[in-house]
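As structure tokens, the structure follows; a few thoughts come after it.
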Amino acid sequence: MVIASRRALGTVYFIMFMDTLNFGIVFPLVPLIAKSFGANAIMTGIMVMSYSLCQFLVTPLFGWISDMCGRRPVLLIAVLGTAVSSFGTGLAPNFYMVLIARCVNGLSGATMGVANAYIADVTTKDERSVYMSYVQSASAVGMTLGPAVGGLLSRVGFEVACYVSAGLSCGNFFFVLAFLTESRWQQVREASIPLADAAANSGDDASKTPASTGDAGTTAVAQPVAERSSPRI
């Protein structure tokens, strides 16, 4: 059985922290950005709505793709999309380019669902809810710090905040590329082995499994044979 390491889970937590941090840096500045391009209230509302609408449309598709192709490629695409969106927002010459950049950000906003799927792949049923709650906590910390960082950077200019967000997203992309292992093709650990005890018990379980499996198989085969050979009276 493949045993999930704490390093793998910590990598997922860090990815979600960075992703929501980058989102939090730019999102509160959207009305300021729209105003700088002369957008009215309706246009600003459309800009804000575009992110959620695109995320709503693409999240089920990303979930299906992650089942087919793996969690890691989808996370890489999503994180890279966030970087492209932030760069596009900072470089946008007009309102419509900003709108397109926000749509790209929404289309790459399926990281939460894929991260939870990753946790489901490498944890047992009993411990799954605990480790999924850690993903939510990491995201909450990112959303708490992001707007504060974005507000401070906006004093220099909203473009600076966008570029910083894009740079952090690029760093997050390379972090995923270097440290995140694929979970989709791994065999889920035995339900009787909690994550905290997996490393300590893995050696004993590995040595005991073949013998117990062999005995069970012999018993299962021998019993029907004995039944067939016994004369019925």
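Here, A, B, ... name the chains of the structure tokens in the order displayed, residue numbers run from 1 inside each chain, and ligands are numbered from 1 in the same displayed order.
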TODO: Might you pull out every residue within 7 Å of A:Ile119, with only C-alpha atoms counted and same-chain residues fewer than 6 positions away left off, and present them as a list in words?
DONE: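 The residues that qualify are Arg128, Tyr131 and Met132 of chain A.
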Please report as CSV every residue of stretch 2-86 of chain A lying within 8 Å of stretch 164-169 of chain A, along with the nearest atom pair and their distance in Å (one decimal), using only C-alpha atoms.
```
residue,atom,partner,partner_atom,distance
A:Met18,CA,A:Ser169,CA,7.3
A:Asp19,CA,A:Ser169,CA,7.0
A:Asn22,CA,A:Ser165,CA,4.9
A:Phe23,CA,A:Ser165,CA,7.7
A:Ile25,CA,A:Ser165,CA,6.5
A:Val26,CA,A:Ser165,CA,7.2
A:Val79,CA,A:Ser169,CA,6.2
A:Leu80,CA,A:Ser169,CA,6.8
A:Thr82,CA,A:Ser169,CA,6.4
A:Ala83,CA,A:Ala166,CA,4.3
A:Val84,CA,A:Ala166,CA,7.0
A:Ser85,CA,A:Ala166,CA,7.7
A:Ser86,CA,A:Ala166,CA,5.0
```
Write out as CSV a residue-level contact list of stretch 105-184 of chain A versus stretch 53-64 of chain A with cut-off 8 Å: for each qualifying residue the closest pair of atoms and the distance in Å to one decimal, counting only C-alpha atoms, rows sorted by chain and residue number upward.
```
residue,atom,partner,partner_atom,distance
A:Gly106,CA,A:Gln55,CA,4.5
A:Leu107,CA,A:Cys54,CA,5.2
A:Ser108,CA,A:Gln55,CA,7.2
A:Gly109,CA,A:Gln55,CA,5.6
A:Ala110,CA,A:Thr59,CA,5.1
A:Gly113,CA,A:Gly63,CA,7.0
A:Val114,CA,A:Gly63,CA,6.4
```
Task: Shell around A:Ile46 at 12 Å using only C-alpha atoms, local window under 6 positions removed, as a PyMOL selection string - done: chain A and resi 30-31+34+39-40+52-54+95-96+98-100+102-103
Open item on the list: Would you pick out the contacts of A:Val135 at 8 Å or less, using only C-alpha atoms, so that residues sharing its chain but fewer than 4 positions from it are not included, and give the list as a ChimeraX atom specification?
Closed with: /A:12-13,16,115-116,131,139
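Between atom CA of A:Val176 and atom CA of A:Thr11 lies a distance of 7.7 Å.
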Open item on the list: Please determine, counting only C-alpha atoms, which residue among A:Met49, A:Ala8, A:Met112, A:Leu21 has the shortest atom-to-atom distance to A:Gly150.
Closed with: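 Closest to A:Gly150, using only C-alpha atoms: A:Leu21.
Between atom CA of A:Phe17 and atom CA of A:Cys170 the separation is 14.0 Å.
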Task: Nearest to A:Phe37, chosen from A:Ala92, A:Met68, A:Val141, A:Ala117, with only C-alpha atoms counted in the distances - done: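 Closest candidate: A:Ala92.
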Task: stretch 1-193 of chain A: residues DSSP assigns to helix (DSSP H, G or I), reported as a ChimeraX atom specification - done: /A:6-36,41-69,71-91,95-107,111-122,125-154,158-179
Open item on the list: Residues near A:Phe158, anyone? I mean within 9 Å using only C-alpha atoms, not counting same-chain ones fewer than 6 positions away, as a count of residues only.
Closed with: 7
Task: Selection: 10 Å around A:Arg184, only C-alpha atoms, excl. self and same-chain fewer than 5 positions, as a list in words - done: Ser66, Asp67, Met68, Cys69, Gly70, Arg71, Arg72, Ala117, Tyr118, Ala120, Asp121 and Val122 of chain A
Could those selected residues go to a file with C-alpha atoms, as an mmCIF file, in the first residue's frame?
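Contents of part-v4.cif, freshly written:
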```cif
data_model
loop_
_atom_site.group_PDB
_atom_site.id
_atom_site.type_symbol
_atom_site.label_atom_id
_atom_site.label_comp_id
_atom_site.auth_asym_id
_atom_site.auth_seq_id
_atom_site.Cartn_x
_atom_site.Cartn_y
_atom_site.Cartn_z
ATOM 1 C CA SER A 66 -8.496 15.405 -12.768
ATOM 2 C CA ASP A 67 -10.143 11.985 -12.574
ATOM 3 C CA MET A 68 -8.979 11.163 -16.096
ATOM 4 C CA CYS A 69 -5.527 12.781 -16.177
ATOM 5 C CA GLY A 70 -4.557 13.173 -12.511
ATOM 6 C CA ARG A 71 -4.684 15.889 -9.870
ATOM 7 C CA ARG A 72 -1.197 17.310 -10.445
ATOM 8 C CA ALA A 117 -9.820 15.279 -4.283
ATOM 9 C CA TYR A 118 -6.074 14.914 -3.681
ATOM 10 C CA ALA A 120 -9.395 12.038 -0.578
ATOM 11 C CA ASP A 121 -6.943 10.000 -2.645
ATOM 12 C CA VAL A 122 -4.303 9.722 0.056
#
```
